[in-house]
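First the structure, in the form of structure tokens, and then the observations on it.
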Amino acid sequence: MKSKKHIIIIICTLLILGCVKDKDFDTPKPECTDLVSNISFKDLETITTGAIVKIQDDLIIEGYIISSDIENNFFGTIYIQNKEENPTAGIQFLVDLRDYYLQYKLGSKVIIKLKNLYLAKKGNVFVVGGVFTSFGNQSVGRLPSLQVQEHIYTSCSATKITPTKTTLENLSSSVTNTLIKLDNLEFIDEELNTTYAISKEETERTLKDCQGNQIKLVTSGYADFATNILPHKNGNVTAILIEDDNELKLKIRSKADLNFDKDRCPPIVTEFTSTSIFFSELADPDNNIGARFIELYNASDKRLDLNNWKINRYTNASTDISSSLDLTGYSIDAKSTLVISPNADEFTNIYGFLPDIGIGKNSVADSNGDDNLVLVDPFGTTIDIFGVVGEDGSTTNHEFEDGKAQRKQNINVSSSSYNFSEWLIYNDTGDNGTINMPQNAPDDFSPGER
């Protein structure tokens, strides 16, 4: 009986051990090596400029593993950068190897034998692995698991990876496939209360800094944290910078790569008022009504956002707004213009370049020269005006029919009331001090120039 009990205990113990599910259980590790590299990451550019190439020479490269599939956000791709800190390049090694984090630890220095591997460059990204053939076309594919240890060896030296600290403004494709750290990021308001990813679907969420710069965070729908709610606060992100469809994006190894414990950014206020923006040229060409336009000018030394600014047009003697243009989404560079056309195709054909804004007939930019125009800031204040609201422009000093109204060069601030002395008015009447000289497009006009 005693021997039977021993047998039962042994069997139960084996069953318990066999059922342990722990991502940190021991697994055979590749032996460390003292092989020495004989090429650099930069040297890969001499092997291929893009097309897939099978490496025939005994080339050896060294690098540092910066990715991990421990939480299933990476699958079949090991990201390797060329230096422990301040890296200048990185590659993707495609492997058909599950749970590669057990054999190739995050941060490990690795030596890679490149002979008989395939190399290609996609955009700014070098990809190494096996070969995949489809309809006679070859591409770099995942290296079979049994061959991985024949090419990737761990170094005998210990390492510590330091992510490169940078900002969204300073990101560059030159450090694609390297580990970076960004401070003061948060998820945009529209995506709060959503998850990192939709189950079983690769999903992009948007991170922003306090200046409004944005970048996408890519998460696999199979990641362990895919269905977790995004953090609401602000903090730092450690991630691999990847390139996808010529756009820089981020990918994290685990949820721990986000450390969000700070208050969110204060709201970005883009609404402002300024007397540096004003009408600089209004056009009603005698020879082509399709070449009409309005030109605004920014006389300041900085770019100005036109969020919630408006142009209102009052037709003839009307005191009611006949048409209005919301300028939200547009801005004017320092010492630059914004040109608005009611017929973008004809404008381009006549003047040789696209207007900044193309709108339709009967719009604010489609005046026949006897209407009144008002520039309004986000707070409802009249910043600049041409003409007198409630007065038909015909035969007045604010008629530009068949001609143009051009602001004099010495005027650098707007005016909330019409001042004829600030303008040169060309028309087909010459009444009240205006100039009787119809204007023809394109020679008599200068859209885009002050």
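The way I read the labels, and the way they are meant: chains A, B, ... in the order of the structure tokens, residue 1 as the first residue of every chain, and ligand 1 as the first ligand shown, with later ones counted on from there.
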Range 54-113 of chain A near range 149-173 of chain A within 9 Å: what's each residue's closest atom pair and its distance in Å to one decimal, counting only C-alpha atoms, ordered by chain then ascending residue number, as a Markdown table?
| residue | atom | partner | partner_atom | distance |
| --- | --- | --- | --- | --- |
| A:Glu62 | CA | A:Ser155 | CA | 8.9 |
| A:Tyr64 | CA | A:Ile161 | CA | 7.7 |
| A:Ile65 | CA | A:Ile161 | CA | 8.7 |
| A:Ile66 | CA | A:Ile161 | CA | 7.8 |
| A:Lys83 | CA | A:Ile161 | CA | 8.3 |
| A:Glu84 | CA | A:Ile161 | CA | 4.8 |
| A:Glu85 | CA | A:Thr162 | CA | 5.1 |
| A:Asn86 | CA | A:Thr164 | CA | 5.8 |
| A:Pro87 | CA | A:Thr164 | CA | 7.7 |
| A:Gln103 | CA | A:Thr154 | CA | 8.9 |
| A:Tyr104 | CA | A:Thr154 | CA | 7.3 |
| A:Leu106 | CA | A:Ile161 | CA | 8.8 |
| A:Gly107 | CA | A:Ile161 | CA | 5.7 |
| A:Ser108 | CA | A:Thr159 | CA | 6.3 |
| A:Lys109 | CA | A:Ser155 | CA | 5.4 |
| A:Val110 | CA | A:Thr154 | CA | 4.3 |
| A:Ile111 | CA | A:Tyr153 | CA | 5.1 |
| A:Ile112 | CA | A:Ile152 | CA | 4.7 |
| A:Lys113 | CA | A:His151 | CA | 4.8 |
Now that the selection is made, can you save its residues with N, CA, C and O atoms as an mmCIF file, in the first residue's frame?
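Once written, out12.cif looks like this:
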data_model
loop_
_atom_site.group_PDB
_atom_site.id
_atom_site.type_symbol
_atom_site.label_atom_id
_atom_site.label_comp_id
_atom_site.auth_asym_id
_atom_site.auth_seq_id
_atom_site.Cartn_x
_atom_site.Cartn_y
_atom_site.Cartn_z
ATOM 1 N N GLU A 62 25.902 42.997 -35.023
ATOM 2 C CA GLU A 62 25.477 42.925 -33.633
ATOM 3 C C GLU A 62 24.490 44.046 -33.329
ATOM 4 O O GLU A 62 24.497 45.095 -33.962
ATOM 5 N N TYR A 64 20.895 45.127 -30.324
ATOM 6 C CA TYR A 64 20.259 44.982 -29.016
ATOM 7 C C TYR A 64 18.747 44.823 -29.198
ATOM 8 O O TYR A 64 18.113 45.601 -29.919
ATOM 9 N N ILE A 65 18.195 43.811 -28.552
ATOM 10 C CA ILE A 65 16.772 43.516 -28.701
ATOM 11 C C ILE A 65 15.951 44.522 -27.907
ATOM 12 O O ILE A 65 16.151 44.698 -26.700
ATOM 13 N N ILE A 66 15.015 45.171 -28.582
ATOM 14 C CA ILE A 66 14.188 46.177 -27.920
ATOM 15 C C ILE A 66 12.702 45.823 -27.919
ATOM 16 O O ILE A 66 11.888 46.554 -27.367
ATOM 17 N N LYS A 83 22.705 50.291 -31.047
ATOM 18 C CA LYS A 83 23.461 50.713 -29.872
ATOM 19 C C LYS A 83 22.599 50.608 -28.622
ATOM 20 O O LYS A 83 21.369 50.640 -28.693
ATOM 21 N N GLU A 84 23.282 50.504 -27.457
ATOM 22 C CA GLU A 84 22.560 50.447 -26.191
ATOM 23 C C GLU A 84 21.852 51.765 -25.906
ATOM 24 O O GLU A 84 20.763 51.781 -25.341
ATOM 25 N N GLU A 85 22.486 52.872 -26.257
ATOM 26 C CA GLU A 85 21.883 54.186 -26.102
ATOM 27 C C GLU A 85 22.258 55.068 -27.289
ATOM 28 O O GLU A 85 23.252 54.834 -27.958
ATOM 29 N N ASN A 86 21.396 56.056 -27.531
ATOM 30 C CA ASN A 86 21.561 56.930 -28.699
ATOM 31 C C ASN A 86 21.763 56.146 -29.996
ATOM 32 O O ASN A 86 22.705 56.392 -30.757
ATOM 33 N N PRO A 87 20.882 55.187 -30.279
ATOM 34 C CA PRO A 87 21.016 54.412 -31.518
ATOM 35 C C PRO A 87 20.773 55.283 -32.737
ATOM 36 O O PRO A 87 20.097 56.311 -32.663
ATOM 37 N N GLN A 103 13.724 33.084 -25.156
ATOM 38 C CA GLN A 103 15.070 32.792 -25.647
ATOM 39 C C GLN A 103 15.889 34.052 -25.870
ATOM 40 O O GLN A 103 17.107 34.037 -25.692
ATOM 41 N N TYR A 104 15.205 35.125 -26.268
ATOM 42 C CA TYR A 104 15.900 36.364 -26.579
ATOM 43 C C TYR A 104 15.292 37.475 -25.722
ATOM 44 O O TYR A 104 14.309 38.105 -26.093
ATOM 45 N N LEU A 106 14.463 40.779 -23.572
ATOM 46 C CA LEU A 106 14.424 42.209 -23.837
ATOM 47 C C LEU A 106 15.706 42.850 -23.320
ATOM 48 O O LEU A 106 16.107 42.654 -22.179
ATOM 49 N N GLY A 107 16.384 43.578 -24.177
ATOM 50 C CA GLY A 107 17.631 44.240 -23.804
ATOM 51 C C GLY A 107 18.878 43.437 -24.089
ATOM 52 O O GLY A 107 19.992 43.955 -23.940
ATOM 53 N N SER A 108 18.730 42.187 -24.517
ATOM 54 C CA SER A 108 19.900 41.349 -24.778
ATOM 55 C C SER A 108 20.712 41.864 -25.959
ATOM 56 O O SER A 108 20.159 42.344 -26.948
ATOM 57 N N LYS A 109 22.041 41.742 -25.827
ATOM 58 C CA LYS A 109 22.897 41.991 -26.979
ATOM 59 C C LYS A 109 22.937 40.707 -27.787
ATOM 60 O O LYS A 109 23.124 39.615 -27.241
ATOM 61 N N VAL A 110 22.733 40.814 -29.086
ATOM 62 C CA VAL A 110 22.709 39.622 -29.936
ATOM 63 C C VAL A 110 23.696 39.791 -31.088
ATOM 64 O O VAL A 110 23.990 40.892 -31.531
ATOM 65 N N ILE A 111 24.212 38.640 -31.515
ATOM 66 C CA ILE A 111 25.081 38.564 -32.673
ATOM 67 C C ILE A 111 24.315 37.814 -33.759
ATOM 68 O O ILE A 111 23.775 36.730 -33.507
ATOM 69 N N ILE A 112 24.260 38.364 -34.952
ATOM 70 C CA ILE A 112 23.466 37.766 -36.015
ATOM 71 C C ILE A 112 24.363 37.365 -37.181
ATOM 72 O O ILE A 112 25.088 38.198 -37.737
ATOM 73 N N LYS A 113 24.305 36.062 -37.516
ATOM 74 C CA LYS A 113 24.966 35.586 -38.728
ATOM 75 C C LYS A 113 24.015 35.802 -39.900
ATOM 76 O O LYS A 113 22.937 35.211 -39.956
#
Range 313-330 of chain A: which residues within 7 Å, counting only C-alpha atoms, same-chain residues fewer than 2 positions away excluded, as a ChimeraX atom specification?
-> /A:305-311,363-364,370-374,389-393
Selection export as a PDB file, in the first residue's frame, atoms kept: C-alpha atoms:
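Full text of again_34.pdb as output:
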ATOM      1  CA  ASP A 305      -4.594  80.583 -36.685  1.00  0.00           C
ATOM      2  CA  LEU A 306      -8.007  81.603 -38.063  1.00  0.00           C
ATOM      3  CA  ASN A 307     -10.069  79.315 -35.837  1.00  0.00           C
ATOM      4  CA  ASN A 308     -13.627  80.731 -35.682  1.00  0.00           C
ATOM      5  CA  TRP A 309     -12.791  83.820 -37.736  1.00  0.00           C
ATOM      6  CA  LYS A 310     -15.379  84.739 -40.406  1.00  0.00           C
ATOM      7  CA  ILE A 311     -15.813  86.883 -43.484  1.00  0.00           C
ATOM      8  CA  SER A 363     -20.004  83.332 -51.944  1.00  0.00           C
ATOM      9  CA  VAL A 364     -18.163  86.072 -50.066  1.00  0.00           C
ATOM     10  CA  ASP A 370     -20.721  97.085 -55.051  1.00  0.00           C
ATOM     11  CA  ASP A 371     -20.967  94.880 -51.929  1.00  0.00           C
ATOM     12  CA  ASN A 372     -19.562  95.300 -48.422  1.00  0.00           C
ATOM     13  CA  LEU A 373     -17.219  92.869 -46.671  1.00  0.00           C
ATOM     14  CA  VAL A 374     -16.546  92.460 -42.958  1.00  0.00           C
ATOM     15  CA  VAL A 389     -22.888  98.128 -44.431  1.00  0.00           C
ATOM     16  CA  GLY A 390     -26.347  99.290 -45.531  1.00  0.00           C
ATOM     17  CA  GLU A 391     -25.003 101.377 -48.432  1.00  0.00           C
ATOM     18  CA  ASP A 392     -24.964 100.139 -52.040  1.00  0.00           C
ATOM     19  CA  GLY A 393     -21.414 100.614 -53.316  1.00  0.00           C
TER      20      GLY A 393
END
Review point. Can you list, as an MDAnalysis selection string, every protein, DNA or RNA residue that comes within 6 Å of range 403-419 of chain A when you count only C-alpha atoms, leaving out same-chain residues fewer than 2 positions away?
Key: chainID A and resid 275:276 278 280:285 299 382:387 400:401 421:427 438:439
May I have the residues from that selection written out with N, CA, C and O atoms, as a CSV table (one decimal), in the first residue's frame?
chain,number,residue,atom,x,y,z
A,275,THR,N,-5.2,92.8,-34.8
A,275,THR,CA,-5.4,93.8,-35.8
A,275,THR,C,-4.4,93.7,-37.0
A,275,THR,O,-4.3,94.6,-37.8
A,276,SER,N,-3.6,92.6,-36.9
A,276,SER,CA,-2.6,92.4,-38.0
A,276,SER,C,-3.2,91.7,-39.2
A,276,SER,O,-2.5,91.5,-40.2
A,278,PHE,N,-6.0,91.7,-42.2
A,278,PHE,CA,-6.9,92.6,-42.9
A,278,PHE,C,-7.1,92.3,-44.4
A,278,PHE,O,-6.3,91.5,-44.9
A,280,SER,N,-6.5,92.9,-48.1
A,280,SER,CA,-5.4,93.5,-48.8
A,280,SER,C,-5.7,93.7,-50.3
A,280,SER,O,-5.2,94.6,-50.9
A,281,GLU,N,-6.6,92.9,-50.9
A,281,GLU,CA,-7.0,93.0,-52.3
A,281,GLU,C,-8.3,92.4,-52.5
A,281,GLU,O,-8.5,91.2,-52.1
A,282,LEU,N,-9.2,93.1,-53.2
A,282,LEU,CA,-10.5,92.6,-53.6
A,282,LEU,C,-10.6,92.7,-55.1
A,282,LEU,O,-10.3,93.8,-55.6
A,283,ALA,N,-11.0,91.6,-55.8
A,283,ALA,CA,-10.9,91.6,-57.3
A,283,ALA,C,-12.2,91.3,-57.9
A,283,ALA,O,-12.9,90.4,-57.6
A,284,ASP,N,-12.6,92.2,-58.9
A,284,ASP,CA,-13.7,91.9,-59.9
A,284,ASP,C,-13.2,92.3,-61.3
A,284,ASP,O,-13.6,93.3,-61.8
A,285,PRO,N,-12.4,91.4,-61.9
A,285,PRO,CA,-11.8,91.7,-63.2
A,285,PRO,C,-12.9,92.0,-64.3
A,285,PRO,O,-13.9,91.4,-64.3
A,299,ALA,N,0.1,90.8,-41.3
A,299,ALA,CA,1.2,91.8,-41.2
A,299,ALA,C,2.1,91.5,-40.0
A,299,ALA,O,3.2,92.1,-39.9
A,382,THR,N,-15.8,93.2,-35.1
A,382,THR,CA,-15.4,93.6,-36.4
A,382,THR,C,-13.9,94.0,-36.4
A,382,THR,O,-13.6,95.0,-35.7
A,383,ILE,N,-13.1,93.3,-37.1
A,383,ILE,CA,-11.6,93.6,-37.1
A,383,ILE,C,-11.3,94.4,-38.3
A,383,ILE,O,-10.5,95.4,-38.2
A,384,ASP,N,-11.9,94.1,-39.5
A,384,ASP,CA,-11.6,94.9,-40.7
A,384,ASP,C,-12.9,95.0,-41.5
A,384,ASP,O,-13.7,94.1,-41.5
A,385,ILE,N,-13.0,96.1,-42.3
A,385,ILE,CA,-14.2,96.2,-43.1
A,385,ILE,C,-13.8,96.9,-44.4
A,385,ILE,O,-12.9,97.8,-44.4
A,386,PHE,N,-14.5,96.5,-45.4
A,386,PHE,CA,-14.5,97.3,-46.7
A,386,PHE,C,-15.9,97.7,-47.0
A,386,PHE,O,-16.8,96.9,-47.1
A,387,GLY,N,-16.1,99.0,-47.2
A,387,GLY,CA,-17.4,99.5,-47.6
A,387,GLY,C,-18.2,99.9,-46.3
A,387,GLY,O,-17.7,99.9,-45.2
A,400,PHE,N,-15.8,98.8,-56.5
A,400,PHE,CA,-14.7,98.3,-57.3
A,400,PHE,C,-15.2,97.4,-58.5
A,400,PHE,O,-14.5,96.5,-59.0
A,401,GLU,N,-16.4,97.7,-59.0
A,401,GLU,CA,-16.9,97.0,-60.1
A,401,GLU,C,-16.0,97.1,-61.3
A,401,GLU,O,-15.6,98.2,-61.7
A,421,SER,N,-9.1,106.5,-47.4
A,421,SER,CA,-7.7,106.9,-47.6
A,421,SER,C,-6.7,105.8,-47.5
A,421,SER,O,-5.6,105.9,-47.9
A,422,GLU,N,-7.2,104.6,-47.0
A,422,GLU,CA,-6.3,103.4,-47.0
A,422,GLU,C,-6.3,102.6,-48.2
A,422,GLU,O,-5.5,101.7,-48.4
A,423,TRP,N,-7.1,103.0,-49.2
A,423,TRP,CA,-7.3,102.1,-50.4
A,423,TRP,C,-7.0,102.9,-51.7
A,423,TRP,O,-7.2,104.1,-51.8
A,424,LEU,N,-6.7,102.1,-52.7
A,424,LEU,CA,-6.7,102.5,-54.1
A,424,LEU,C,-7.8,101.7,-54.8
A,424,LEU,O,-7.8,100.5,-54.8
A,425,ILE,N,-8.8,102.5,-55.3
A,425,ILE,CA,-10.0,101.8,-55.8
A,425,ILE,C,-10.1,102.1,-57.3
A,425,ILE,O,-10.1,103.2,-57.8
A,426,TYR,N,-10.1,101.0,-58.1
A,426,TYR,CA,-10.2,101.0,-59.5
A,426,TYR,C,-11.6,100.5,-60.0
A,426,TYR,O,-12.0,99.5,-59.5
A,427,ASN,N,-12.2,101.2,-60.9
A,427,ASN,CA,-13.5,100.8,-61.3
A,427,ASN,C,-13.8,101.3,-62.7
A,427,ASN,O,-12.9,101.8,-63.4
A,438,PRO,N,-10.8,100.3,-65.5
A,438,PRO,CA,-11.2,98.9,-65.4
A,438,PRO,C,-9.9,98.0,-65.4
A,438,PRO,O,-8.9,98.4,-66.1
A,439,GLN,N,-9.9,97.0,-64.7
A,439,GLN,CA,-8.8,96.1,-64.5
A,439,GLN,C,-9.0,94.7,-65.2
A,439,GLN,O,-10.1,94.2,-65.0
Exercise for the section: Quick one: everything within 7 Å of range 252-260 of chain A, counting only C-alpha atoms, minus sequence neighbours fewer than 3 positions away in the same chain. Send it as number ranges by chain. Expected result: A: 67-68, 71, 73, 225, 231, 233-240
request  = Find the residues around Thr348 in chain A up to 12 Å (only C-alpha atoms counted), leave out those fewer than 3 positions away in its own chain, and share them as a VMD selection string.
outcome  = chain A and resid 290 to 293 339 to 345 351 to 358 441 to 442 447
At a cut-off of 6 Å, using only C-alpha atoms, what residues contact Gln81 in chain A? Leave out same-chain residues fewer than 5 positions from it and give the result as a PDB file with C-alpha atoms, in the first residue's frame.
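Ended up saving to selection20.pdb:
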ATOM      1  CA  GLY A  63      22.630  44.777 -31.972  1.00  0.00           C
ATOM      2  CA  TYR A  64      20.259  44.982 -29.016  1.00  0.00           C
ATOM      3  CA  ALA A  89      19.462  52.614 -36.810  1.00  0.00           C
ATOM      4  CA  GLY A  90      17.306  49.542 -36.253  1.00  0.00           C
ATOM      5  CA  THR A 178      14.650  52.149 -32.217  1.00  0.00           C
TER       6      THR A 178
END
- Message: Residues within 12 Å of Asn193 in chain A, please, as a VMD selection string. Count only C-alpha atoms; anything in the same chain fewer than 5 positions from it doesn't count.
- Response: chain A and resid 187 to 188 205 227 to 233
- Could you work out how far CA of Lys216 in chain A lies from CA of Glu201 in chain A, giving the answer in Å with one decimal?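 Rounded to one decimal, the two atoms are 15.3 Å apart.
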Exercise for review: Please run DSSP on the backbone and report, as number ranges by chain, all residues within range 194-376 of chain A that come out as helix (DSSP H, G or I).
Suggested key: A: 255-257, 289-291, 344-351
(message) Using only C-alpha atoms, can you tell me which of A:Asn298, A:Asn432, A:Asn287, A:Asn368 comes closest to Leu338 in chain A?
(response)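 Selected residue with least distance to Leu338 in chain A: A:Asn298.
The closest residue to Pro378 in chain A, picked from A:Asp402, A:Thr337, A:Ile198, A:Val269 and counting only C-alpha atoms, is A:Val269.
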In Å, rounded to a single decimal, give me how far CA of Leu35 in chain A is from CA of Tyr79 in chain A.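 Between CA of Tyr79 in chain A and CA of Leu35 in chain A the gap is 20.3 Å.
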Restricting to only C-alpha atoms, whichever of A:Asp366, A:Ile350, A:Thr429, A:Thr396 is closest to Asp443 in chain A is A:Ile350
Item to complete: Grab the CA of Ser174 in chain A to CA of Val36 in chain A distance for me, in Å with one decimal place.
Response: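 Value for the CA of Ser174 in chain A-CA of Val36 in chain A distance: 25.5 Å.
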Find, counting only C-alpha atoms, the residue in A:Gly123, A:Pro266, A:Gly130, A:Gly221 that gets nearest to Leu248 in chain A.
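Smallest distance to Leu248 in chain A is found for A:Gly123.
Distances here use only C-alpha atoms; by that measure, the residue among A:Asn116, A:Asn436, A:Ser37, A:Thr49 closest to Ile61 in chain A is A:Ser37.
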Note to self: Can you pull out every residue from range 216-313 of chain A that DSSP, working from the backbone, puts in strand (DSSP E or B), and format the result as a PyMOL selection string?
What the structure shows: chain A and resi 216-219+229+234-244+247-251+258-262+277-283+293-298+304-305+310-313
